[in-house]
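Printed here is my_file.txt (compact mmCIF, C-alpha atoms):
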```
# COMPACT_ATOMS: atom_id res chain seq x y z
CA PRO A 1 108.45 35.18 -95.09
CA THR A 2 105.83 33.17 -96.94
CA ILE A 3 104.11 34.79 -99.92
CA ASN A 4 100.35 34.24 -99.88
CA TRP A 5 98.93 34.61 -103.37
CA THR A 6 96.08 32.62 -104.82
CA ALA A 7 95.99 32.26 -108.60
CA PRO A 8 93.42 34.83 -109.76
CA ALA A 9 90.27 34.02 -111.72
CA SER A 10 90.44 34.14 -115.49
CA ILE A 11 89.95 37.47 -117.24
CA VAL A 12 88.90 38.53 -120.71
CA TYR A 13 91.35 40.19 -123.09
CA GLY A 14 91.22 43.94 -122.61
CA THR A 15 91.04 43.71 -118.81
CA ALA A 16 94.02 45.55 -117.31
CA LEU A 17 95.78 43.95 -114.36
CA SER A 18 94.81 45.55 -111.06
CA THR A 19 94.76 44.85 -107.34
CA THR A 20 92.05 42.31 -108.09
CA GLN A 21 94.78 40.06 -109.50
CA LEU A 22 97.90 41.60 -107.94
CA ASN A 23 97.04 41.08 -104.27
CA ALA A 24 99.87 39.08 -102.68
CA THR A 25 100.64 39.33 -98.99
CA ALA A 26 103.63 38.21 -96.90
CA THR A 27 103.41 36.33 -93.62
CA ASP A 28 105.92 35.18 -90.98
CA THR A 29 104.88 31.57 -90.41
CA THR A 30 107.68 30.84 -87.93
CA VAL A 31 105.73 32.35 -85.05
CA THR A 32 102.34 31.51 -83.59
CA PRO A 33 100.10 33.15 -84.37
CA ASN A 34 101.48 34.05 -87.79
CA ILE A 35 102.11 37.73 -88.32
CA PRO A 36 102.04 39.85 -91.48
CA VAL A 37 105.34 41.10 -92.86
CA THR A 38 105.42 44.58 -94.34
CA GLY A 39 107.41 45.52 -97.39
CA THR A 40 107.24 46.36 -101.07
CA PHE A 41 105.56 44.10 -103.65
CA THR A 42 106.82 44.56 -107.20
CA TYR A 43 104.76 42.76 -109.84
CA VAL A 44 105.86 41.55 -113.26
CA PRO A 45 103.96 42.45 -115.36
CA PRO A 46 102.82 45.51 -113.41
CA ALA A 47 99.31 46.83 -112.79
CA GLY A 48 97.72 48.34 -115.88
CA THR A 49 99.15 45.71 -118.21
CA VAL A 50 96.76 44.12 -120.73
CA LEU A 51 97.76 40.51 -121.32
CA GLY A 52 97.12 38.51 -124.47
CA PRO A 53 94.96 35.39 -124.45
CA GLY A 54 96.43 32.21 -123.01
CA THR A 55 97.91 31.08 -119.71
CA GLN A 56 100.28 33.75 -118.41
CA ASN A 57 102.69 33.91 -115.48
CA LEU A 58 102.39 36.60 -112.85
CA VAL A 59 105.47 37.18 -110.70
CA VAL A 60 105.81 39.14 -107.46
CA ASN A 61 109.11 40.19 -105.92
CA PHE A 62 108.83 41.06 -102.23
CA THR A 63 111.33 43.34 -100.47
CA PRO A 64 110.74 43.42 -96.69
CA SER A 65 110.77 46.63 -94.74
CA ALA A 66 113.04 44.94 -92.18
CA PRO A 67 115.81 43.35 -94.29
CA ALA A 68 117.78 42.52 -91.15
CA THR A 69 114.96 40.22 -90.06
CA TYR A 70 113.50 38.95 -93.31
CA ASN A 71 114.91 38.02 -96.69
CA SER A 72 113.57 39.13 -100.02
CA THR A 73 111.53 36.49 -101.81
CA SER A 74 109.33 35.97 -104.83
CA ALA A 75 106.35 33.92 -105.98
CA THR A 76 104.67 33.02 -109.24
CA VAL A 77 101.05 32.28 -110.10
CA THR A 78 99.29 31.80 -113.42
CA ILE A 79 96.27 33.53 -114.89
CA THR A 80 94.15 32.53 -117.85
CA VAL A 81 93.20 35.23 -120.33
CA THR A 82 90.38 34.43 -122.76
CA ALA A 83 89.81 36.05 -126.15
CA ALA A 84 87.32 38.91 -126.10
CA PRO A 85 84.10 39.13 -128.08
CA PRO A 86 84.31 42.11 -130.44
CA THR A 87 81.44 44.53 -130.88
CA LEU A 88 79.73 43.44 -134.09
CA SER A 89 77.54 45.58 -136.31
CA LEU A 90 75.63 44.60 -139.44
CA SER A 91 74.58 47.65 -141.43
CA CYS A 92 71.72 46.89 -143.84
CA PRO A 93 70.23 49.65 -146.00
CA GLU A 94 66.64 50.47 -146.81
CA VAL A 95 66.56 51.56 -150.45
CA PRO A 96 64.00 51.84 -153.23
CA TYR A 97 64.11 49.25 -155.99
CA ASP A 98 66.55 50.38 -158.68
CA GLY A 99 67.40 47.17 -160.53
CA ASN A 100 70.75 46.86 -158.74
CA SER A 101 71.78 44.39 -156.06
CA HIS A 102 72.13 45.58 -152.48
CA GLY A 103 73.61 43.96 -149.39
CA CYS A 104 74.67 44.45 -145.80
CA VAL A 105 78.11 45.44 -144.51
CA GLY A 106 79.57 44.05 -141.29
CA THR A 107 82.06 45.71 -138.96
CA ALA A 108 83.89 44.39 -135.90
CA THR A 109 85.31 46.75 -133.27
CA GLY A 110 87.74 46.03 -130.44
CA VAL A 111 87.42 46.55 -126.72
CA ASP A 112 88.47 50.19 -127.00
CA GLY A 113 85.34 50.89 -129.03
CA THR A 114 87.37 52.30 -131.93
CA THR A 115 89.95 49.91 -133.36
CA PRO A 116 88.68 47.59 -136.12
CA VAL A 117 89.23 43.87 -135.55
CA ALA A 118 90.81 42.04 -138.48
CA GLY A 119 88.73 39.24 -139.94
CA SER A 120 86.22 38.31 -142.60
CA TRP A 121 82.43 38.37 -142.93
CA THR A 122 80.07 35.88 -144.52
CA ILE A 123 76.60 37.35 -144.97
CA ALA A 124 73.62 35.15 -145.83
CA PRO A 125 71.53 35.10 -147.87
CA GLY A 126 73.65 37.96 -149.26
CA SER A 127 72.95 40.58 -151.92
CA GLU A 128 69.37 41.00 -153.15
CA THR A 129 67.79 42.83 -156.08
CA GLU A 130 64.00 42.48 -155.93
CA ALA A 131 61.75 44.57 -153.71
CA ASN A 132 61.18 42.75 -150.43
CA THR A 133 62.27 42.53 -146.80
CA TYR A 134 65.20 40.19 -146.22
CA PRO A 135 66.44 38.91 -142.83
CA GLU A 136 70.24 38.74 -143.04
CA THR A 137 72.79 37.01 -140.82
CA GLY A 138 76.43 38.05 -140.77
CA THR A 139 79.05 35.62 -139.47
CA PHE A 140 82.37 37.18 -138.46
CA THR A 141 85.54 35.07 -138.43
CA SER A 142 88.28 36.78 -136.45
CA ALA A 143 91.84 36.87 -137.78
CA ASP A 144 93.05 38.45 -134.53
CA PRO A 145 93.91 35.94 -131.76
CA ASN A 146 92.80 38.47 -129.18
CA TYR A 147 89.20 38.28 -130.37
CA LEU A 148 86.49 35.71 -130.90
CA GLY A 149 84.22 35.46 -133.92
CA GLY A 150 80.48 35.86 -133.75
CA THR A 151 77.23 36.51 -135.58
CA LYS A 152 75.00 39.53 -136.03
CA SER A 153 71.54 39.86 -137.54
CA GLY A 154 70.09 42.65 -139.65
CA THR A 155 67.27 43.41 -142.06
CA LEU A 156 67.76 44.46 -145.68
CA ILE A 157 64.77 46.33 -147.09
CA ILE A 158 64.26 47.07 -150.78
CA ASP A 159 61.14 49.18 -151.13
CA LEU A 160 58.87 49.31 -154.16
CA ALA A 161 59.94 51.93 -156.68
CA GLN A 162 57.31 54.67 -156.86
CA ILE A 163 56.36 55.64 -160.42
CA THR A 164 53.46 57.62 -161.90
CA ALA A 165 51.72 56.90 -165.22
CA THR A 166 49.90 59.96 -166.53
CA ALA A 167 47.47 59.80 -169.46
CA GLY A 168 46.76 62.60 -171.91
CA GLY A 169 43.44 63.98 -173.03
CA TYR A 170 41.69 66.37 -175.39
CA SER A 171 39.43 69.39 -175.20
CA GLY A 172 37.98 71.14 -178.21
CA VAL A 173 34.93 72.28 -180.16
CA TYR A 174 33.16 69.88 -182.50
CA ASP A 175 34.58 70.11 -186.02
CA GLY A 176 33.62 66.73 -187.46
CA LEU A 177 37.12 65.36 -187.12
CA SER A 178 38.85 62.83 -184.88
CA HIS A 179 41.61 64.18 -182.66
CA ALA A 180 44.60 62.53 -181.01
CA THR A 181 44.80 62.56 -177.24
CA ALA A 182 47.82 64.42 -176.00
CA PRO A 183 50.30 64.40 -174.56
CA LEU A 184 51.34 60.80 -174.94
CA CYS A 185 51.06 58.74 -171.77
CA ALA A 186 54.22 59.21 -169.72
CA VAL A 187 55.88 57.30 -166.87
CA THR A 188 57.78 59.43 -164.37
CA GLY A 189 59.49 58.79 -161.05
CA THR A 190 62.04 60.29 -158.70
CA GLY A 191 64.38 57.38 -159.33
CA TYR A 192 64.44 54.22 -161.40
CA THR A 193 61.59 53.62 -163.87
CA GLY A 194 63.02 50.41 -165.28
CA GLY A 195 61.76 50.72 -168.83
CA VAL A 196 58.10 50.74 -167.74
CA THR A 197 55.91 52.30 -170.46
CA CYS A 198 52.32 53.35 -170.84
CA THR A 199 49.88 54.35 -173.60
CA ASN A 200 46.69 56.35 -173.58
CA SER A 201 43.65 54.05 -173.51
CA LEU A 202 42.15 56.20 -176.28
CA VAL A 203 44.57 57.18 -179.00
CA THR A 204 41.95 59.37 -180.71
CA VAL A 205 38.57 60.77 -179.74
CA GLY A 206 35.70 62.06 -181.86
CA PRO A 207 34.52 62.94 -184.35
CA GLY A 208 31.20 63.15 -182.51
CA VAL A 209 30.37 65.26 -179.51
CA ASN A 210 31.31 63.33 -176.43
CA GLN A 211 33.26 63.35 -173.20
CA GLY A 212 34.97 60.78 -171.04
CA THR A 213 38.12 59.48 -169.40
CA VAL A 214 41.48 58.48 -170.84
CA THR A 215 43.30 55.96 -168.66
CA PRO A 216 47.00 55.05 -168.69
CA GLN A 217 47.63 51.52 -169.94
CA VAL A 218 50.84 50.40 -168.19
CA SER A 219 53.07 47.64 -169.50
CA GLY A 220 56.38 46.18 -168.37
CA ALA A 221 55.86 46.98 -164.67
CA PRO A 222 56.98 44.03 -162.51
CA SER A 223 56.00 43.59 -158.88
CA ASP A 224 58.98 45.77 -157.88
CA PHE A 225 57.03 48.91 -158.75
CA ALA A 226 54.21 50.76 -157.05
CA VAL A 227 52.36 52.41 -159.94
CA ILE A 228 50.21 55.49 -159.40
CA THR A 229 47.87 56.17 -162.32
CA LYS A 230 46.57 59.59 -163.28
CA ASN A 231 43.70 59.66 -165.76
CA GLY A 232 43.22 62.20 -168.48
CA ALA A 233 39.89 63.52 -169.80
CA TYR A 234 38.45 64.43 -173.16
CA GLN A 235 35.55 66.69 -174.12
CA ILE A 236 34.25 67.65 -177.50
```
Once more with this new file: its structure as structure tokens, please.
Amino acid sequence: PTINWTAPASIVYGTALSTTQLNATATDTTVTPNIPVTGTFTYVPPAGTVLGPGTQNLVVNFTPSAPATYNSTSATVTITVTAAPPTLSLSCPEVPYDGNSHGCVGTATGVDGTTPVAGSWTIAPGSETEANTYPETGTFTSADPNYLGGTKSGTLIIDLAQITATAGGYSGVYDGLSHATAPLCAVTGTGYTGGVTCTNSLVTVGPGVNQGTVTPQVSGAPSDFAVITKNGAYQI
């Protein structure tokens, strides 16, 4: 018999062979009209096989159901397998300013959704230190011939560091003396304070009867900080 088998369309790595590709038929072309010939089709490689990228041979061996009438035969076609695009992820943090550099981390995952794909990442512009919002682009170069490279975008955010500057004050009865405001101005924060300092706007008050406000005078606070000021008060 004649094996009828058209070379299948190309597939992407990770696609298992199925009846979409393995679909040969056998025909007796010695009679008119031609008639189909029944039998067993054995494929090499078999259904379920995942082929690597490149041009691959597919072979079918046909054993007729009526061996007294028809001989066994075989046929070969080729199929092109292309490298698969991995699933790329670019993980970029959102962190408060802490004086350290921060950057994004890229990952590449295979067609099974689990297995990492070997390769390297180039991330631009890269690590950043100052408070700002940074668009980042990660370029993945695959070291696995089964997979393509690619790019992935992300956003790195370094928020302003929140700090509080609190001034001191004074409260007392007139005694003819000057008095120091207390406590000393202090800078506090839940995280990094970066050496920012402050002083009370009035170091002493008095000796006369009076009242007013003591403000924190902040120094050394770059644009990476969001400074909350808390005034003190004095009354004599």
Checklist entry - Any idea what the distance is between CA of Ile3 in chain A and CA of Leu17 in chain A? => result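 According to the coordinates, CA of Ile3 in chain A and CA of Leu17 in chain A are separated by 19.0 Å.
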Item to check | One-decimal distance in Å that lies between CA of Pro145 in chain A and CA of Gln56 in chain A | outcome: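 Atom-to-atom, CA of Gln56 in chain A and CA of Pro145 in chain A are spaced 15.0 Å apart.
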Item to check | From A:Thr82, A:Thr42, A:Gln21, A:Thr87, residue lying nearest Thr151 in chain A [all atoms listed in the file] | outcome: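 Among A:Thr82, A:Thr42, A:Gln21, A:Thr87, it is A:Thr87 that comes nearest to Thr151 in chain A.
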Neighbours of Val111 in chain A within 7 Å (only C-alpha atoms; same-chain residues fewer than 2 positions away dropped), as an mmCIF file with C-alpha atoms, in the coordinates of the input?
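Saved the output as out-v2.cif:
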```cif
data_model
loop_
_atom_site.group_PDB
_atom_site.id
_atom_site.type_symbol
_atom_site.label_atom_id
_atom_site.label_comp_id
_atom_site.auth_asym_id
_atom_site.auth_seq_id
_atom_site.Cartn_x
_atom_site.Cartn_y
_atom_site.Cartn_z
ATOM 1 C CA GLY A 14 91.220 43.940 -122.610
ATOM 2 C CA PRO A 86 84.310 42.110 -130.440
ATOM 3 C CA THR A 109 85.310 46.750 -133.270
ATOM 4 C CA GLY A 113 85.340 50.890 -129.030
#
```
Next on the checklist: I'd like the contact shell of Pro96 in chain A - 7 Å cut-off, all atoms listed in the file, skipping same-chain residues fewer than 2 positions apart - returned as a list in words.
Outcome noted: Asp98, Ile158, Asp159, Leu160 and Ala161 of chain A
Item to check | Within 12 Å of Thr69 in chain A using all atoms listed in the file, minus same-chain residues under 6 positions, as number ranges by chain | outcome: A: 1, 28, 37-39, 63
Written selection (C-alpha atoms) as a tab-separated table (two decimals), in the coordinates of the input:
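In the end it all went to result.tsv:
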```
chain	number	residue	atom	x	y	z
A	1	PRO	CA	108.45	35.18	-95.09
A	28	ASP	CA	105.92	35.18	-90.98
A	37	VAL	CA	105.34	41.10	-92.86
A	38	THR	CA	105.42	44.58	-94.34
A	39	GLY	CA	107.41	45.52	-97.39
A	63	THR	CA	111.33	43.34	-100.47
```
Mind rebuilding range 203-219 of chain A with N, CA, C and O atoms and writing that out as a JSON list (two decimals), in the frame of the given file?
```json
[["chain", "number", "residue", "atom", "x", "y", "z"],
["A", 203, "VAL", "N", 43.57, 56.47, -178.21],
["A", 203, "VAL", "CA", 44.57, 57.18, -179.00],
["A", 203, "VAL", "C", 43.96, 58.39, -179.67],
["A", 203, "VAL", "O", 44.58, 59.45, -179.79],
["A", 204, "THR", "N", 42.69, 58.25, -180.12],
["A", 204, "THR", "CA", 41.95, 59.37, -180.71],
["A", 204, "THR", "C", 40.56, 59.42, -180.12],
["A", 204, "THR", "O", 40.04, 58.41, -179.61],
["A", 205, "VAL", "N", 39.96, 60.57, -180.18],
["A", 205, "VAL", "CA", 38.57, 60.77, -179.74],
["A", 205, "VAL", "C", 37.82, 61.53, -180.83],
["A", 205, "VAL", "O", 38.43, 62.24, -181.65],
["A", 206, "GLY", "N", 36.51, 61.41, -180.83],
["A", 206, "GLY", "CA", 35.70, 62.06, -181.86],
["A", 206, "GLY", "C", 35.33, 61.07, -182.94],
["A", 206, "GLY", "O", 35.58, 59.87, -182.83],
["A", 207, "PRO", "N", 34.78, 61.52, -184.04],
["A", 207, "PRO", "CA", 34.52, 62.94, -184.35],
["A", 207, "PRO", "C", 33.29, 63.51, -183.68],
["A", 207, "PRO", "O", 33.06, 64.73, -183.70],
["A", 208, "GLY", "N", 32.43, 62.63, -183.06],
["A", 208, "GLY", "CA", 31.20, 63.15, -182.51],
["A", 208, "GLY", "C", 31.38, 63.87, -181.20],
["A", 208, "GLY", "O", 32.42, 63.78, -180.53],
["A", 209, "VAL", "N", 30.37, 64.58, -180.80],
["A", 209, "VAL", "CA", 30.37, 65.26, -179.51],
["A", 209, "VAL", "C", 30.33, 64.20, -178.41],
["A", 209, "VAL", "O", 29.48, 63.30, -178.43],
["A", 210, "ASN", "N", 31.23, 64.33, -177.49],
["A", 210, "ASN", "CA", 31.31, 63.33, -176.43],
["A", 210, "ASN", "C", 32.27, 63.82, -175.36],
["A", 210, "ASN", "O", 32.99, 64.82, -175.54],
["A", 211, "GLN", "N", 32.28, 63.09, -174.26],
["A", 211, "GLN", "CA", 33.26, 63.35, -173.20],
["A", 211, "GLN", "C", 33.52, 62.06, -172.43],
["A", 211, "GLN", "O", 32.69, 61.15, -172.47],
["A", 212, "GLY", "N", 34.65, 62.00, -171.78],
["A", 212, "GLY", "CA", 34.97, 60.78, -171.04],
["A", 212, "GLY", "C", 36.37, 60.81, -170.45],
["A", 212, "GLY", "O", 36.99, 61.87, -170.32],
["A", 213, "THR", "N", 36.84, 59.63, -170.11],
["A", 213, "THR", "CA", 38.12, 59.48, -169.40],
["A", 213, "THR", "C", 39.12, 58.74, -170.27],
["A", 213, "THR", "O", 38.78, 57.77, -170.94],
["A", 214, "VAL", "N", 40.37, 59.18, -170.20],
["A", 214, "VAL", "CA", 41.48, 58.48, -170.84],
["A", 214, "VAL", "C", 42.34, 57.91, -169.71],
["A", 214, "VAL", "O", 42.82, 58.65, -168.85],
["A", 215, "THR", "N", 42.52, 56.60, -169.72],
["A", 215, "THR", "CA", 43.30, 55.96, -168.66],
["A", 215, "THR", "C", 44.67, 55.55, -169.18],
["A", 215, "THR", "O", 44.83, 55.24, -170.36],
["A", 216, "PRO", "N", 45.67, 55.54, -168.29],
["A", 216, "PRO", "CA", 47.00, 55.05, -168.69],
["A", 216, "PRO", "C", 47.03, 53.53, -168.71],
["A", 216, "PRO", "O", 46.63, 52.89, -167.74],
["A", 217, "GLN", "N", 47.49, 52.97, -169.81],
["A", 217, "GLN", "CA", 47.63, 51.52, -169.94],
["A", 217, "GLN", "C", 49.10, 51.19, -169.75],
["A", 217, "GLN", "O", 49.94, 51.45, -170.61],
["A", 218, "VAL", "N", 49.45, 50.61, -168.59],
["A", 218, "VAL", "CA", 50.84, 50.40, -168.19],
["A", 218, "VAL", "C", 51.30, 49.00, -168.62],
["A", 218, "VAL", "O", 50.57, 48.02, -168.48],
["A", 219, "SER", "N", 52.50, 48.93, -169.14],
["A", 219, "SER", "CA", 53.07, 47.64, -169.50],
["A", 219, "SER", "C", 54.53, 47.59, -169.03],
["A", 219, "SER", "O", 55.20, 48.61, -168.91]]
```
